[in-house]
Structures are given as C-alpha cells and as structure tokens.
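K.L.:
The structure is given below, and queries will be raised subsequently.
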Amino acid sequence: MIDRTLFSSDHESFRDSFRKFVEKEIVPFHADWEEQGYVDRAVWTKAGENGFLCMSMPEEYGGSEADKLFSVIQFEEIARAGVTGIGFSLHSEIVAPYILHYGTPEQKAKYLPRLASGEMIGAIAMSEPAAGSDLQGIKSTAIQQADGSYLLNGSKTFITNGWHADLVIVVAKTNPAAGGKGTSLMLVERGMPGFSVGKRLKKMGMKAQDTSELFFDNVRIPAENLLGGAAYENKGFICLMEQLPWERLQIAISAVASAQAAIDWTVDYVKERKVFGQPVAAFQNTRYTLAELQTEVQVARVFVDKCCELICDDKLDTATASMAKYWTTDLQCKVMDECVQLHGGYGYMWEYPITRAYADARVQRIYGGTNEIMKEVITRSMGLSGK
C-alpha cells in the first residue's frame with residue numbers, strides 16, 4: 001500500500017486518542033442508539049469536554065485552532081467504527097464554519113463557544129419537501145418587518161441533528177422575487193415561538209442519526225440573527241456555494257474510510273468462514289474480488305488525500321470536490337455490495353457490521369447534492385451545458 005504522507009506525528013497521536021474515545025464512549029452504546037433513533041446527548045457533552053468539537057475554530061471561541069486534518073481524522077475514525085449516528089462533522093465543520101466565516105463579531109462570540117463545548121448542537125436546514133439538491137428552488141421565506149425583524153415561514157426535511165439541534169442555520173428567501181439572489185441564512189434557536197421539530201424520520205440506514213422535519217410558523221427572527229448582518233442579506237446562496245466543496249469532501253473522506261473498513265471486516269471473515277471444507281478466502285473468486293476492491297479504494301484514497309491537501313490550502317475547487325464526492329460514494333456502495341455477497345447469508349443479518357454499513361452507505365450518493373448533480377457541476381466546469 002502507498003504510505004500516506006498527509007498526517008504528521010501529532011495527527012497520528014490525535015488519531016489514537018480519538019479512536020479510544022470512540023471505542024469507549026460511542027461503540028458500546030451505538031446499537032441502543034440505533035434502536036431509539038438518536039444518540040444520547042451526553043456524548044456531545046463528553047466530546048466537548050475532551051476538546052473534540054469545533055477543533056478548527058480559533059481558541060478565543062473555544063476551539064483548538066487545529067488544521068482541518070484533525071477533523072479529517074475524526075471523519076475517518078467514525079467511519080472506520082461504523083458509528084454513523086454521530087453528527088460531529090456537520091456540527092463542527094459545517095455549522096460552526098458558516099458562523100466563523102460570515103457571522104458578525106457578536107454572533108461568533110454568542111454561538112461558537114457554546115458549539116465547541118457541546119452546550120449547543122448545531123444543524124443546517126437546506127432541504128425542503130420539494131427542494132433537495134436544487135437550493136434555488138426553496139420556498140421558505142423570511143420577510144423583513146417594519147421593526148427590522150424577519151418573519152420566517154416554511155418547512156425543512158431530512159435535517160441531520162435536527163432532533164437535538166439548539167441552533168439551526170435556516171436557508172430562506174428574504175427577497176422571493178429575486179430567486180437564488182434573494183436567499184439569506186437565518187440563525188434560529190430552539191425555543192423561538194413558532195419553531196417546532198417534527199417527527200424523527202425512520203431511515204433505511206444511519207438509524208442512530210437523528211434526522212427530522214423542522215417547521216417554522218411565523219417565527220419572529222431578530223435582525224441580529226441574520227447571519228452576517230445586513231451586509232449578507234440576500235447573499236446566502238453565495239455563502240452556500242463557497243462552503244459546498246468542503247462539505248462534499250467530508251462525504252468523500254467518510255466514503256473511503258467506510259469502504260476500507262468493509263474490506264478489512266470481510267478479509268477477517270473470509271479467513272475464518274469455511275465452505276466445502278476450506279476457508280472462503282481459499283477460493284480464487286474471493287481473493288480476486290477483494291484485490292479489485294482494495295485497488296479501487298487505494299486509488300480513491302490517494303485522490304481524496306490530495307483533495308485534503310488542497311482544502312487545507314484553500315485551493316479545492318467545486319468541480320474537483322464534486323468528482324471526489326460522486327466517485328467515492330459510488331465506489332463505497334459497490335464495495336459494500338460485494339462485501340455483503342462475500343459474507344453470504346450472514347451479510348444480510350443486522351448484527352454484522354457489514355450489513356449496517358451497506359444500509360448506511362446508500363444515502364451517501366444522495367445528500368450533499370445527488371451524484372447526478374455532481375456530474376452536472378463537473379460538466380459545466382468543462383464548458384459543457386445541457387441548455
């Protein structure tokens with residue numbers, strides 16, 4: 001295998017400590033969390049106490065000012081362990097960066113320390129019942145009133161961390177007539193009158209990840225809760241586009257780590273399981289299938305590691321991130337399917353990690369923008385258009 005040169009000794013030391021945290025505080029409880037449909041809130045507090053939340057945020061806001069590679073390690077370790085209920089990545093590396101990059105000084109001081117400690121859990125609400133990958137098609141509105149506040153109306157669905165969320169960045173139209181150019185980002189707190197959390201959605205996989213509907217019925221949003229203040233009114237779509245490469249790369253990182261974990265589990269299984277008096281690993285078909293999968297995952301890892309280098313230098317473009325997201329998640333699903341097959345009937349039993357990983361993988365090709373949308377983004381960067 002090609003040695004990874006992405007991480008320093010400090011990164012690898014951190015990997016060891018975070019892996020121990022996952023093994024002690026998450027793995028033993030994850031099956032129960034899958035049954036109840038959400039992780040216990042205490043794990044967020046413990047992560048905050050250990051400095052595992054919002055690590056890339058500045059120290060003045062409760063972070064460690066760590067580079068993104070520490071977060072990459074977290075994504076990989078969570079994926080390696082198959083504990084997909086943990087929503088740290090969205091909280092720490094999507095919600096918090098929006099506030100850091102676009103928030104006013106007051107917004108940063110108010111929210112970032114509480115996100116870093118785990119006192120608040122963050123979510124971002126983009127998708128709607130009739131608008132998923134098409135962010136310009138959202139219907140939620142936040143209309144400014146005479147007193148300067150905004151009246152928020154609409155609904156969101158498929159919201160990760162939605163059940164626990166204390167702070168939600170809501171994508172809404174502040175100027176509906178302007179289309180995408182009339183979009184803003186609103187900071188909505190739990191307890192605001194008119195804001196309600198709907199049912200937890202029962203999913204094919206990621207059963208411990210609390211995914212919910214959110215409803216906004218004449219929620220009065222103070223002017224100071226417009227993310228970035230007046231300077232960012234109607235500029236929400238630009239902010240979303242600027243942050244999507246990192247969001248999509250996060251999905252790719254998890255996809256590769258999950259695929260590698262599946263291969264490792266399967267190698268162990270086929271060495272032990274016997275068929276016709278010999279280990280499953282003794283059959284040429286088994287060995288060649290695993291060789292092909294390992295080769296493809298190795299190729300994917302090299303590409304994704306390069307993308308990680310680029311994101312750390314602020315050089316990752318949207319098209320390349322889209323390539324990483326679509327290709328690695330397609331590969332992840334392929335790997336899971338082949339590994340389930342090599343497990344035989346046991347690959348269909350929920351008690352086996354490969355079965356859960358198979359179910360968890362499918363959404364990767366959908367969220368963060370469907371893989372079909374990724375291909376559209378790539379073609380546009382090539383000067384091609386379907387119009």
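By convention in this document, the chains of the structure tokens carry letters A, B, ... by their order, each chain's residues are numbered from 1, and ligands are numbered from 1 in the order they are shown.
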Hey, what's within 12 Å of Arg365 (chain A) if we count only C-alpha atoms and toss same-chain stuff fewer than 6 positions away? As a list in words, please?

P.N.:
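Counting only the stated atoms, we get Ser133, Arg248, Ile251, Ala252, Ala255, Ser322, Met323, Ala324, Lys325, Tyr326, Trp327, Thr328, Thr329, Asp330, Leu331, Gln332, Cys333, Lys334, Asn371, Glu372, Ile373, Met374 and Lys375 of chain A.
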
K.L.:
Kindly save the residues from that selection, with C-alpha atoms included, as a short mmCIF file (atom, residue, chain, number, x, y, z; two decimals), in the first residue's frame.

P.N.:
```cif
data_model
loop_
_atom_site.label_atom_id
_atom_site.label_comp_id
_atom_site.auth_asym_id
_atom_site.auth_seq_id
_atom_site.Cartn_x
_atom_site.Cartn_y
_atom_site.Cartn_z
CA SER A 133 -30.36 19.42 -4.46
CA ARG A 248 -18.67 17.34 -0.28
CA ILE A 251 -18.59 12.90 2.41
CA ALA A 252 -15.78 11.55 0.22
CA ALA A 255 -16.84 7.08 1.93
CA SER A 322 -17.81 17.06 -6.86
CA MET A 323 -15.64 14.45 -8.58
CA ALA A 324 -14.46 13.18 -5.19
CA LYS A 325 -17.95 13.06 -3.75
CA TYR A 326 -19.61 11.22 -6.62
CA TRP A 327 -16.84 8.75 -7.44
CA THR A 328 -16.03 7.70 -3.88
CA THR A 329 -19.66 7.26 -2.85
CA ASP A 330 -20.38 5.19 -5.95
CA LEU A 331 -17.34 3.11 -5.01
CA GLN A 332 -18.45 2.86 -1.39
CA CYS A 333 -21.77 1.36 -2.43
CA LYS A 334 -20.03 -1.05 -4.81
CA ASN A 371 -24.33 12.27 -7.70
CA GLU A 372 -26.28 13.26 -10.79
CA ILE A 373 -25.96 16.90 -9.70
CA MET A 374 -22.22 16.31 -9.12
CA LYS A 375 -21.86 15.22 -12.74
#
```

K.L.:
Write out as JSON, numbers by chain all residues of region 2-248 of chain A that backbone DSSP assigns to strand (DSSP E or B).

P.N.:
{"A": [122, 123, 124, 125, 128, 131, 141, 142, 143, 144, 150, 151, 152, 153, 154, 155, 156, 157, 158, 159, 160, 167, 168, 169, 170, 171, 172, 173, 183, 184, 185, 186, 187, 188, 189, 195, 196, 197, 198, 199, 200, 211, 212, 213, 214, 215, 216, 217, 218, 219, 220, 221, 226]}

K.L.:
Based on the selection just made, write N, CA and C atoms of those residues as a short mmCIF file (atom, residue, chain, number, x, y, z; two decimals), in the first residue's frame.

P.N.:
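What follows is the written file part_28.cif:
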```
data_model
loop_
_atom_site.label_atom_id
_atom_site.label_comp_id
_atom_site.auth_asym_id
_atom_site.auth_seq_id
_atom_site.Cartn_x
_atom_site.Cartn_y
_atom_site.Cartn_z
N GLY A 122 -25.58 22.01 16.71
CA GLY A 122 -25.92 22.79 15.52
C GLY A 122 -26.41 21.94 14.36
N ALA A 123 -27.25 22.55 13.54
CA ALA A 123 -27.75 21.92 12.32
C ALA A 123 -27.88 22.99 11.25
N ILE A 124 -27.97 22.56 10.02
CA ILE A 124 -28.24 23.49 8.92
C ILE A 124 -29.42 22.95 8.13
N ALA A 125 -30.37 23.81 7.85
CA ALA A 125 -31.62 23.40 7.22
C ALA A 125 -31.69 23.96 5.81
N GLU A 128 -35.93 20.92 1.48
CA GLU A 128 -37.36 21.06 1.73
C GLU A 128 -38.09 19.91 1.04
N ALA A 131 -37.66 20.63 -2.51
CA ALA A 131 -36.39 21.20 -2.96
C ALA A 131 -35.25 20.54 -2.19
N THR A 141 -39.60 31.37 3.46
CA THR A 141 -39.39 32.82 3.35
C THR A 141 -39.11 33.43 4.71
N ALA A 142 -38.33 34.49 4.71
CA ALA A 142 -38.07 35.29 5.91
C ALA A 142 -38.23 36.74 5.49
N ILE A 143 -39.40 37.27 5.69
CA ILE A 143 -39.75 38.61 5.20
C ILE A 143 -39.54 39.64 6.30
N GLN A 144 -38.78 40.67 5.96
CA GLN A 144 -38.47 41.69 6.95
C GLN A 144 -39.71 42.51 7.29
N TYR A 150 -37.46 39.64 11.11
CA TYR A 150 -37.91 38.85 9.97
C TYR A 150 -38.96 37.84 10.43
N LEU A 151 -39.95 37.60 9.59
CA LEU A 151 -40.98 36.62 9.88
C LEU A 151 -40.70 35.39 9.01
N LEU A 152 -40.31 34.30 9.66
CA LEU A 152 -39.89 33.08 8.96
C LEU A 152 -41.03 32.09 8.86
N ASN A 153 -41.30 31.62 7.63
CA ASN A 153 -42.33 30.62 7.40
C ASN A 153 -41.82 29.57 6.43
N GLY A 154 -42.19 28.31 6.68
CA GLY A 154 -41.79 27.24 5.78
C GLY A 154 -41.50 25.96 6.55
N SER A 155 -40.99 24.98 5.84
CA SER A 155 -40.64 23.71 6.47
C SER A 155 -39.39 23.14 5.81
N LYS A 156 -38.68 22.33 6.57
CA LYS A 156 -37.47 21.67 6.10
C LYS A 156 -37.57 20.18 6.42
N THR A 157 -36.87 19.38 5.65
CA THR A 157 -36.89 17.95 5.89
C THR A 157 -35.51 17.34 5.70
N PHE A 158 -35.34 16.12 6.19
CA PHE A 158 -34.06 15.39 6.14
C PHE A 158 -32.95 16.15 6.86
N ILE A 159 -33.26 16.80 7.99
CA ILE A 159 -32.28 17.65 8.66
C ILE A 159 -31.48 16.85 9.69
N THR A 160 -30.20 16.64 9.39
CA THR A 160 -29.29 15.95 10.30
C THR A 160 -29.08 16.78 11.56
N LEU A 167 -29.42 25.18 17.69
CA LEU A 167 -29.19 26.28 16.76
C LEU A 167 -29.25 25.73 15.35
N VAL A 168 -30.10 26.34 14.53
CA VAL A 168 -30.26 25.88 13.15
C VAL A 168 -30.00 27.05 12.21
N ILE A 169 -29.10 26.86 11.26
CA ILE A 169 -28.93 27.85 10.19
C ILE A 169 -29.97 27.51 9.12
N VAL A 170 -30.94 28.38 8.95
CA VAL A 170 -32.06 28.11 8.05
C VAL A 170 -31.88 28.92 6.76
N VAL A 171 -31.95 28.22 5.64
CA VAL A 171 -31.86 28.86 4.33
C VAL A 171 -33.26 29.31 3.95
N ALA A 172 -33.43 30.60 3.71
CA ALA A 172 -34.76 31.13 3.40
C ALA A 172 -34.65 32.29 2.41
N LYS A 173 -35.74 32.56 1.76
CA LYS A 173 -35.80 33.68 0.80
C LYS A 173 -36.20 34.96 1.54
N THR A 183 -31.68 34.94 -1.39
CA THR A 183 -31.58 33.96 -0.30
C THR A 183 -30.70 34.48 0.83
N SER A 184 -31.12 34.23 2.06
CA SER A 184 -30.33 34.61 3.23
C SER A 184 -30.28 33.43 4.20
N LEU A 185 -29.38 33.53 5.18
CA LEU A 185 -29.22 32.48 6.19
C LEU A 185 -29.62 33.06 7.55
N MET A 186 -30.58 32.40 8.19
CA MET A 186 -31.12 32.88 9.45
C MET A 186 -30.68 31.96 10.58
N LEU A 187 -30.32 32.54 11.72
CA LEU A 187 -29.93 31.78 12.91
C LEU A 187 -31.15 31.60 13.80
N VAL A 188 -31.65 30.38 13.85
CA VAL A 188 -32.88 30.09 14.58
C VAL A 188 -32.54 29.22 15.79
N GLU A 189 -32.98 29.67 16.96
CA GLU A 189 -32.69 28.96 18.20
C GLU A 189 -33.88 28.15 18.67
N PHE A 195 -41.29 27.89 16.13
CA PHE A 195 -40.32 26.90 15.64
C PHE A 195 -40.60 25.57 16.31
N SER A 196 -40.86 24.55 15.53
CA SER A 196 -41.13 23.23 16.10
C SER A 196 -40.38 22.15 15.34
N VAL A 197 -40.02 21.12 16.06
CA VAL A 197 -39.33 19.97 15.48
C VAL A 197 -40.35 18.88 15.24
N GLY A 198 -40.41 18.38 14.02
CA GLY A 198 -41.36 17.33 13.67
C GLY A 198 -40.86 15.97 14.11
N LYS A 199 -41.44 14.95 13.55
CA LYS A 199 -41.08 13.58 13.92
C LYS A 199 -39.66 13.25 13.47
N ARG A 200 -39.04 12.33 14.20
CA ARG A 200 -37.76 11.78 13.74
C ARG A 200 -38.08 10.85 12.57
N THR A 211 -32.54 12.47 12.38
CA THR A 211 -32.90 13.21 11.17
C THR A 211 -34.37 13.59 11.29
N SER A 212 -34.66 14.87 11.17
CA SER A 212 -36.01 15.34 11.49
C SER A 212 -36.56 16.33 10.47
N GLU A 213 -37.84 16.52 10.60
CA GLU A 213 -38.52 17.62 9.91
C GLU A 213 -38.49 18.84 10.84
N LEU A 214 -38.42 20.02 10.26
CA LEU A 214 -38.49 21.26 11.04
C LEU A 214 -39.57 22.15 10.45
N PHE A 215 -40.31 22.82 11.33
CA PHE A 215 -41.41 23.67 10.87
C PHE A 215 -41.27 25.08 11.45
N PHE A 216 -41.59 26.07 10.62
CA PHE A 216 -41.47 27.47 11.01
C PHE A 216 -42.78 28.18 10.68
N ASP A 217 -43.49 28.55 11.73
CA ASP A 217 -44.80 29.17 11.58
C ASP A 217 -44.77 30.57 12.20
N ASN A 218 -44.54 31.56 11.34
CA ASN A 218 -44.44 32.94 11.80
C ASN A 218 -43.42 33.10 12.93
N VAL A 219 -42.25 32.52 12.71
CA VAL A 219 -41.17 32.65 13.70
C VAL A 219 -40.54 34.03 13.53
N ARG A 220 -40.58 34.81 14.60
CA ARG A 220 -40.01 36.16 14.51
C ARG A 220 -38.52 36.09 14.80
N ILE A 221 -37.72 36.41 13.79
CA ILE A 221 -36.27 36.34 13.89
C ILE A 221 -35.72 37.75 14.07
N LEU A 226 -29.83 37.49 11.54
CA LEU A 226 -29.50 37.30 10.13
C LEU A 226 -28.00 37.04 10.07
#
```

K.L.:
Pick from A:Glu233, A:Glu34, A:Glu119, A:Asp305: nearest to Glu351 (chain A), with only C-alpha atoms counted?

P.N.:
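Answer, going by the shortest atom-to-atom distance: A:Glu34.
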
K.L.:
Do a neighbour search on Thr45 (chain A) at 12 Å with only C-alpha atoms, toss out local chain neighbours closer than 5 positions, and write the hits as a tab-separated table (two decimals) with C-alpha atoms, in the first residue's frame.

P.N.:
```
chain	number	residue	atom	x	y	z
A	25	GLU	CA	-17.88	6.43	24.65
A	39	VAL	CA	-27.62	9.29	20.18
A	40	ASP	CA	-27.68	10.32	23.81
A	50	ASN	CA	-12.38	16.43	25.56
A	51	GLY	CA	-11.94	19.21	23.01
A	52	PHE	CA	-13.27	17.10	20.13
A	53	LEU	CA	-15.87	19.62	18.90
A	88	PHE	CA	-19.98	15.83	14.92
A	114	ARG	CA	-21.34	27.05	23.09
A	115	LEU	CA	-20.97	24.86	19.99
A	116	ALA	CA	-17.39	24.00	20.96
A	117	SER	CA	-18.41	22.93	24.46
A	118	GLY	CA	-21.36	20.85	23.31
A	119	GLU	CA	-23.78	23.07	25.21
A	120	MET	CA	-25.44	23.77	21.87
A	121	ILE	CA	-25.86	21.31	19.00
```

K.L.:
I need the residue nearest Gln294 (chain A) from this list: A:Leu112, A:Val95, A:Ala261, A:Ile26. Use only C-alpha atoms for the distance.

P.N.:
A:Ala261

K.L.:
As an MDAnalysis selection string, please: the residues near region 179-181 of chain A (cut-off 8 Å, only C-alpha atoms, same-chain neighbours under 2 positions excluded).

P.N.:
chainID A and resid 135:137 173 175:177 183 234:237

K.L.:
Give me the residues within 7 Å of Gly228 (chain A) as a PDB file with N, CA and C atoms, in the first residue's frame, counting only C-alpha atoms and dropping any in the same chain fewer than 6 places off.

P.N.:
```pdb
ATOM      1  N   TYR A 102     -18.863  33.985   8.157  1.00  0.00           N
ATOM      2  CA  TYR A 102     -19.818  35.022   7.746  1.00  0.00           C
ATOM      3  C   TYR A 102     -20.473  35.760   8.914  1.00  0.00           C
ATOM      4  N   GLY A 103     -20.345  35.227  10.123  1.00  0.00           N
ATOM      5  CA  GLY A 103     -21.035  35.823  11.252  1.00  0.00           C
ATOM      6  C   GLY A 103     -20.470  37.159  11.682  1.00  0.00           C
ATOM      7  N   THR A 104     -21.291  37.934  12.351  1.00  0.00           N
ATOM      8  CA  THR A 104     -20.832  39.184  12.950  1.00  0.00           C
ATOM      9  C   THR A 104     -20.006  38.845  14.191  1.00  0.00           C
TER      10      THR A 104
END
```

K.L.:
I'd like to know which residues of region 169-369 of chain A are alpha helix (DSSP H) (by DSSP, run on the backbone); could you write them as a ChimeraX atom specification?

P.N.:
/A:236-272,284-312,318-343,353-361

K.L.:
Near Leu244 (chain A), counting only C-alpha atoms, which residues have an atom at most 10 Å away, once you skip same-chain residues fewer than 4 positions from it, shown as a count of residues only?

P.N.:
12

K.L.:
Between A:Ala319, A:Ala130, A:Val72, A:Thr355, which residue has the minimum interatomic distance to Glu376 (chain A), considering only C-alpha atoms?

P.N.:
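Closest to Glu376 (chain A), using only C-alpha atoms: A:Ala319.
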
K.L.:
Give me the residues near Glu76 (chain A) as a PDB file with N, CA and C atoms, in the first residue's frame, where near means some atom within 8 Å (using only C-alpha atoms) and where sequence neighbours in that chain fewer than 6 positions away do not count.

P.N.:
```pdb
ATOM      1  N   ILE A 253     -14.362  11.676   2.183  1.00  0.00           N
ATOM      2  CA  ILE A 253     -13.450  11.144   3.198  1.00  0.00           C
ATOM      3  C   ILE A 253     -14.104   9.979   3.929  1.00  0.00           C
ATOM      4  N   SER A 254     -15.341  10.175   4.347  1.00  0.00           N
ATOM      5  CA  SER A 254     -16.059   9.112   5.049  1.00  0.00           C
ATOM      6  C   SER A 254     -16.312   7.908   4.149  1.00  0.00           C
ATOM      7  N   ALA A 257     -13.076   5.829   3.942  1.00  0.00           N
ATOM      8  CA  ALA A 257     -12.806   5.162   5.219  1.00  0.00           C
ATOM      9  C   ALA A 257     -13.800   4.031   5.471  1.00  0.00           C
ATOM     10  N   SER A 258     -15.047   4.242   5.125  1.00  0.00           N
ATOM     11  CA  SER A 258     -16.066   3.198   5.302  1.00  0.00           C
ATOM     12  C   SER A 258     -15.795   2.017   4.384  1.00  0.00           C
TER      13      SER A 258
END
```
